[in-house]
Amino acid sequence: MNSRLRRLTRKQESDAPTPTTDKITQAARETIYLCNFRVSVDGEWLCLRELNDISLTPDPEPAHEDPKDPIAIERLNLMNMAKLSIKGLIESALNLGRTLDSDYAPLQQFFVVMEHCLKHGLKSKKTFLGQNKSFWGPLELVEKLTPEAGEITASVKDLPGLKTPLGRGRAWLRLALMQKKLSDYMKTIINRKDLLSEFYEPNALMMEEEGAVIAGLLVGLNVIDANLCMKGEDLDSQVGVIDFSMYLKDGAHSSKSTEGDGQITAILDQKNYVEELNRHLSASVNNLQAKVDALEKSNTKLTEELAVANNRIITLQEDLERVKEESSYLVESSRKASRADGTANGQVLGETRKQLKEETQLRLDVEKELEVQIGMKQEMELSMKMLEKDICEKHDALVELRQQLDELRTLNHELSVKSQSSETGAKQKSDIISRLEEKTNQMGSIIKQLESSENDMAKQARSLNTAAGKLLQRQQ
C-alpha cells in the first residue's frame, strides 16, 4: 500500500492543472482527501485504492450517481472516514472507561473528520482580505431552529481567544459533544436544506444523503462522557490532518475481540433504548403532572365559587323567613283591624291587601331565585365529583408511570452492571491469551533446547560407534 501511495503522489505531482479543473484542484489543496483514490471499509481495515487500478462500477452506491464524479467520490470517502472515526472513538472510549479530555487522540481525529465533512462543498464568501470559507455560518442556524442551542452559541461567542470563525466552529462542535446534542443539532440543520443552500453547493455532503447518514451515526456518541477545557487552547490556528494509521488494525486482534465487542454492542444498544424510553416516560410524567396541577387549580376555583353560592343561598333563606314573618304579622294585624272596625277602616284594609300581594309576589320571586341557586349548587357538586374522579384516575396513572420509571432505572442499572462485567470478562480473556502466548513461547524454547541436546547425543553415539568399530578391528 505504501508503494501505491508513493506512485499516486508522483502521478499527482506530474499532472498539470487545467482551467476546467481549477475548482477541483482548489478543493483538493484545502482538504487531505484526494479524488484519485477511494476509501473503503473492509471489516476492520481501511483500504486505499487508486481509481485507475479498479473498476469504476460501484456495487452499493446509488444508481443515479456518476461513478467518475470526483465530488461523489469525495462524499463517499468522507462518509467512510466518519464511520471509522466514530466507531473507533466509541470502542476506545469504552475500553478506556473514563471521561475523555482534549488530549485524547481518537477524539481529536473525530473533530478533524467532522471539520472536513462540514467544509465539503462550502461556498466561498468574498471579503476585503480575499475569499473565505467557514462552517461557522451553518452552525449559527441551529440557534434559530432549536432555541436550546442558544446557550452553546452564546458560550462560544464569550470564549476569550477565539478570533476567527473557524475557531468558533471548532469550539461549537466540542460544546455540542459535551452536551450530547451533536446528533440532534446536525439532524436539525440537515433537514432544512432550503437554509443550507445559502452556504453549500448543491452537491455538497451536507446537501446529500451522506450527511443524513453521518448525523445518524453521531447518535452513538451519546454514550461517551467528555470534559473538554477550551480555555488556553489555540483553536484558530490548529491544522486538521487525518491520521490514517489509527484506523489500520491487526486482523488477529480483531478476530480475538469480535465476540466481546458484539456483546458490548448489544448491551449498549439496549442501554440506548432504555434511555430513550426513559426520556419519553419522563416527558409524559411531566405532562400529566402539569395537567394535575391545572385540575387542582380549577378545583380550588370551583370550591371558592361553591362557598360563595352557599353563602348566597343562606342569605336568601334568611330573607325568605323574614318575608314570611312580616307577611304573617301583616295578616294578623289586618284581621285584628277588620274585627275592631270593619266598616270604618275599609281603605286601610285595601292598602293592607295590596301590600300583602306585593309581599307574596316578592316571596315567590325569592323562592324562584332560591330554586335556581339550589340547581346551580347541585350542578357544581356534580362537576366537583367528576373532577375528583378524574384527579384520582390521573393520580393512579401517574403512580403507574412512576413505577415503570423506577423499573426502567433499575433495568438501566442492571445493564450498566452487565456492561462493566462484560468489560472485565474481556480483560480477563485478554490476560489469559497473553499468558498462553508466553507459555507457548517458553515451550518452543524448551523444544529447541531438547532438539539441540538430541543432536549432541546423536553425535556422541556416532563417535562411540566408530570407536567400537576400531576396537573390534584391533582385536581381530
# chains A, B, ... in the order shown; residues from 1 in each chain; ligands from 1
>>> residues_around(residues="Met230 of chain A", least_positions_apart="3", cutoff="9 Å", atoms="only C-alpha atoms", output="PDB file with C-alpha atoms, in the first residue's frame")
ATOM      1  CA  SER A 102      -8.857  17.254  24.969  1.00  0.00           C
ATOM      2  CA  LEU A 159     -14.871  32.458  24.968  1.00  0.00           C
ATOM      3  CA  ALA A 171     -15.446  25.269  19.856  1.00  0.00           C
ATOM      4  CA  ARG A 174     -16.780  20.437  21.250  1.00  0.00           C
ATOM      5  CA  GLU A 233      -6.359  26.064  23.612  1.00  0.00           C
ATOM      6  CA  ASP A 234      -5.472  27.639  20.267  1.00  0.00           C
ATOM      7  CA  LEU A 235      -8.437  26.578  18.106  1.00  0.00           C
TER       8      LEU A 235
END
>>> closest_atom_pairs(of="segment 188-221 of chain A", to="segment 140-156 of chain A", cutoff="10 Å", atoms="only C-alpha atoms", output="CSV")
residue,atom,partner,partner_atom,distance
A:Thr188,CA,A:Val142,CA,7.0
A:Ile189,CA,A:Val142,CA,6.3
A:Arg192,CA,A:Leu145,CA,9.1
A:Leu195,CA,A:Leu141,CA,8.1
A:Leu196,CA,A:Leu141,CA,8.7
>>> write_last_selection(atoms="all heavy atoms", output="JSON list (two decimals), in the first residue's frame")
[["chain", "number", "residue", "atom", "x", "y", "z"],
["A", 188, "THR", "N", -31.12, 18.63, 12.72],
["A", 188, "THR", "CA", -31.95, 19.82, 12.59],
["A", 188, "THR", "C", -31.54, 20.65, 11.38],
["A", 188, "THR", "O", -32.39, 21.08, 10.59],
["A", 188, "THR", "CB", -31.86, 20.66, 13.86],
["A", 188, "THR", "OG1", -32.29, 19.87, 14.98],
["A", 188, "THR", "CG2", -32.73, 21.90, 13.76],
["A", 189, "ILE", "N", -30.24, 20.87, 11.20],
["A", 189, "ILE", "CA", -29.81, 21.72, 10.08],
["A", 189, "ILE", "C", -29.85, 20.95, 8.76],
["A", 189, "ILE", "O", -30.08, 21.54, 7.70],
["A", 189, "ILE", "CB", -28.41, 22.31, 10.33],
["A", 189, "ILE", "CG1", -27.38, 21.20, 10.57],
["A", 189, "ILE", "CG2", -28.43, 23.26, 11.49],
["A", 189, "ILE", "CD1", -25.97, 21.71, 10.72],
["A", 192, "ARG", "N", -33.19, 21.16, 6.98],
["A", 192, "ARG", "CA", -33.53, 22.47, 6.39],
["A", 192, "ARG", "C", -32.54, 22.79, 5.27],
["A", 192, "ARG", "O", -31.67, 23.64, 5.40],
["A", 192, "ARG", "CB", -33.51, 23.56, 7.47],
["A", 192, "ARG", "CG", -34.56, 23.39, 8.54],
["A", 192, "ARG", "CD", -35.97, 23.44, 7.95],
["A", 192, "ARG", "NE", -36.20, 24.67, 7.24],
["A", 192, "ARG", "CZ", -36.67, 25.78, 7.82],
["A", 192, "ARG", "NH1", -36.98, 25.76, 9.11],
["A", 192, "ARG", "NH2", -36.87, 26.87, 7.11],
["A", 195, "LEU", "N", -32.30, 26.39, 3.87],
["A", 195, "LEU", "CA", -31.39, 27.35, 4.51],
["A", 195, "LEU", "C", -29.93, 27.03, 4.25],
["A", 195, "LEU", "O", -29.09, 27.92, 4.14],
["A", 195, "LEU", "CB", -31.66, 27.35, 6.03],
["A", 195, "LEU", "CG", -33.07, 27.77, 6.47],
["A", 195, "LEU", "CD1", -33.21, 27.67, 7.98],
["A", 195, "LEU", "CD2", -33.38, 29.19, 6.01],
["A", 196, "LEU", "N", -29.60, 25.71, 4.15],
["A", 196, "LEU", "CA", -28.21, 25.33, 3.90],
["A", 196, "LEU", "C", -27.75, 25.71, 2.50],
["A", 196, "LEU", "O", -26.56, 25.84, 2.25],
["A", 196, "LEU", "CB", -28.05, 23.82, 4.09],
["A", 196, "LEU", "CG", -28.07, 23.29, 5.53],
["A", 196, "LEU", "CD1", -27.94, 21.78, 5.53],
["A", 196, "LEU", "CD2", -26.96, 23.91, 6.34]]
>>> closest_residue(among="A:His116, A:Ile71, A:Asp225, A:Glu275", to="Glu201 of chain A", atoms="only C-alpha atoms")
A:Ile71
>>> residues_around(residues="Lys354 of chain A", least_positions_apart="6", cutoff="12 Å", atoms="only C-alpha atoms", output="PyMOL selection string")
chain A and resi 327+330-331+334+347-348+360-361
>>> write_last_selection(atoms="N, CA and C atoms", output="PDB file, in the first residue's frame")
ATOM      1  N   SER A 327     -95.161  38.965  56.472  1.00  0.00           N
ATOM      2  CA  SER A 327     -96.484  38.740  55.875  1.00  0.00           C
ATOM      3  C   SER A 327     -97.487  38.199  56.909  1.00  0.00           C
ATOM      4  N   LEU A 330     -98.512  41.029  59.104  1.00  0.00           N
ATOM      5  CA  LEU A 330     -99.483  41.900  58.431  1.00  0.00           C
ATOM      6  C   LEU A 330    -100.868  41.258  58.351  1.00  0.00           C
ATOM      7  N   VAL A 331    -100.914  39.944  58.126  1.00  0.00           N
ATOM      8  CA  VAL A 331    -102.224  39.261  58.062  1.00  0.00           C
ATOM      9  C   VAL A 331    -102.936  39.334  59.423  1.00  0.00           C
ATOM     10  N   SER A 334    -104.113  42.842  60.016  1.00  0.00           N
ATOM     11  CA  SER A 334    -105.291  43.171  59.203  1.00  0.00           C
ATOM     12  C   SER A 334    -106.542  42.512  59.764  1.00  0.00           C
ATOM     13  N   GLN A 347    -110.560  51.474  53.728  1.00  0.00           N
ATOM     14  CA  GLN A 347    -109.438  51.946  52.909  1.00  0.00           C
ATOM     15  C   GLN A 347    -108.112  51.379  53.408  1.00  0.00           C
ATOM     16  N   VAL A 348    -107.969  51.302  54.735  1.00  0.00           N
ATOM     17  CA  VAL A 348    -106.737  50.746  55.319  1.00  0.00           C
ATOM     18  C   VAL A 348    -106.623  49.264  54.979  1.00  0.00           C
ATOM     19  N   THR A 360     -96.343  38.839  48.877  1.00  0.00           N
ATOM     20  CA  THR A 360     -96.473  37.474  48.353  1.00  0.00           C
ATOM     21  C   THR A 360     -95.705  37.325  47.045  1.00  0.00           C
ATOM     22  N   GLN A 361     -95.779  38.331  46.171  1.00  0.00           N
ATOM     23  CA  GLN A 361     -95.030  38.289  44.912  1.00  0.00           C
ATOM     24  C   GLN A 361     -93.519  38.281  45.156  1.00  0.00           C
TER      25      GLN A 361
END
>>> closest_atom_pairs(of="segment 58-175 of chain A", to="segment 416-438 of chain A", cutoff="10 Å", atoms="only C-alpha atoms", output="CSV")
residue,atom,partner,partner_atom,distance
A:Leu94,CA,A:Glu423,CA,8.5
A:Asn95,CA,A:Glu423,CA,7.5
A:Gly97,CA,A:Gln420,CA,9.1
>>> write_last_selection(atoms="N, CA, C and O atoms", output="PDB file, in the first residue's frame")
ATOM      1  N   LEU A  94     -14.928   3.195  25.438  1.00  0.00           N
ATOM      2  CA  LEU A  94     -15.470   2.155  26.324  1.00  0.00           C
ATOM      3  C   LEU A  94     -14.360   1.314  26.942  1.00  0.00           C
ATOM      4  O   LEU A  94     -14.447   0.914  28.113  1.00  0.00           O
ATOM      5  N   ASN A  95     -13.314   1.024  26.175  1.00  0.00           N
ATOM      6  CA  ASN A  95     -12.188   0.282  26.742  1.00  0.00           C
ATOM      7  C   ASN A  95     -11.434   1.116  27.764  1.00  0.00           C
ATOM      8  O   ASN A  95     -10.900   0.569  28.737  1.00  0.00           O
ATOM      9  N   GLY A  97     -12.782   3.519  29.738  1.00  0.00           N
ATOM     10  CA  GLY A  97     -13.604   3.507  30.942  1.00  0.00           C
ATOM     11  C   GLY A  97     -13.508   4.745  31.792  1.00  0.00           C
ATOM     12  O   GLY A  97     -13.638   4.686  33.008  1.00  0.00           O
TER      13      GLY A  97
END
>>> residues_around(residues="segment 177-180 of chain A", least_positions_apart="6", cutoff="7 Å", atoms="only C-alpha atoms", output="ChimeraX atom specification")
/A:222,225-227
>>> closest_residue(among="A:Thr265, A:Asn441, A:Gln373, A:Asn287", to="Leu316 of chain A", atoms="only C-alpha atoms")
A:Gln373
>>> atom_distance(atom1="atom CA of Asp293 of chain A", atom2="atom CA of Asn311 of chain A")
27.4 Å
>>> residues_around(residues="Met186 of chain A", least_positions_apart="3", cutoff="9 Å", atoms="only C-alpha atoms", output="PyMOL selection string")
chain A and resi 139+142+181-183+189-191+211-212+214-216+218
>>> residues_around(residues="segment 396-399 of chain A", least_positions_apart="5", cutoff="9 Å", atoms="only C-alpha atoms", output="JSON, numbers by chain")
{"A": [285, 288, 289, 391, 404]}
>>> write_last_selection(atoms="N, CA, C and O atoms", output="PDB file, in the first residue's frame")
ATOM      1  N   VAL A 285     -44.687  11.941  32.107  1.00  0.00           N
ATOM      2  CA  VAL A 285     -44.937  12.205  33.530  1.00  0.00           C
ATOM      3  C   VAL A 285     -45.031  13.704  33.789  1.00  0.00           C
ATOM      4  O   VAL A 285     -45.895  14.181  34.542  1.00  0.00           O
ATOM      5  N   LEU A 288     -48.421  14.912  32.504  1.00  0.00           N
ATOM      6  CA  LEU A 288     -49.505  14.543  33.421  1.00  0.00           C
ATOM      7  C   LEU A 288     -49.464  15.366  34.700  1.00  0.00           C
ATOM      8  O   LEU A 288     -50.502  15.746  35.249  1.00  0.00           O
ATOM      9  N   GLN A 289     -48.246  15.653  35.180  1.00  0.00           N
ATOM     10  CA  GLN A 289     -48.130  16.477  36.381  1.00  0.00           C
ATOM     11  C   GLN A 289     -48.672  17.882  36.131  1.00  0.00           C
ATOM     12  O   GLN A 289     -49.335  18.469  36.994  1.00  0.00           O
ATOM     13  N   ILE A 391     -59.254  13.362  38.841  1.00  0.00           N
ATOM     14  CA  ILE A 391     -57.974  13.549  39.551  1.00  0.00           C
ATOM     15  C   ILE A 391     -57.473  12.214  40.087  1.00  0.00           C
ATOM     16  O   ILE A 391     -56.271  11.909  40.039  1.00  0.00           O
ATOM     17  N   GLN A 404     -43.188   2.401  36.537  1.00  0.00           N
ATOM     18  CA  GLN A 404     -42.485   1.986  35.324  1.00  0.00           C
ATOM     19  C   GLN A 404     -41.149   2.689  35.190  1.00  0.00           C
ATOM     20  O   GLN A 404     -40.152   2.093  34.767  1.00  0.00           O
TER      21      GLN A 404
END
>>> closest_residue(among="A:Pro160, A:Leu205, A:Glu305, A:Leu221", to="Ser92 of chain A", atoms="only C-alpha atoms")
A:Leu221
>>> residues_around(residues="Lys368 of chain A", least_positions_apart="5", cutoff="12 Å", atoms="only C-alpha atoms", output="JSON, numbers by chain")
{"A": [313, 316, 317, 320, 361, 362, 363, 373, 374, 375]}
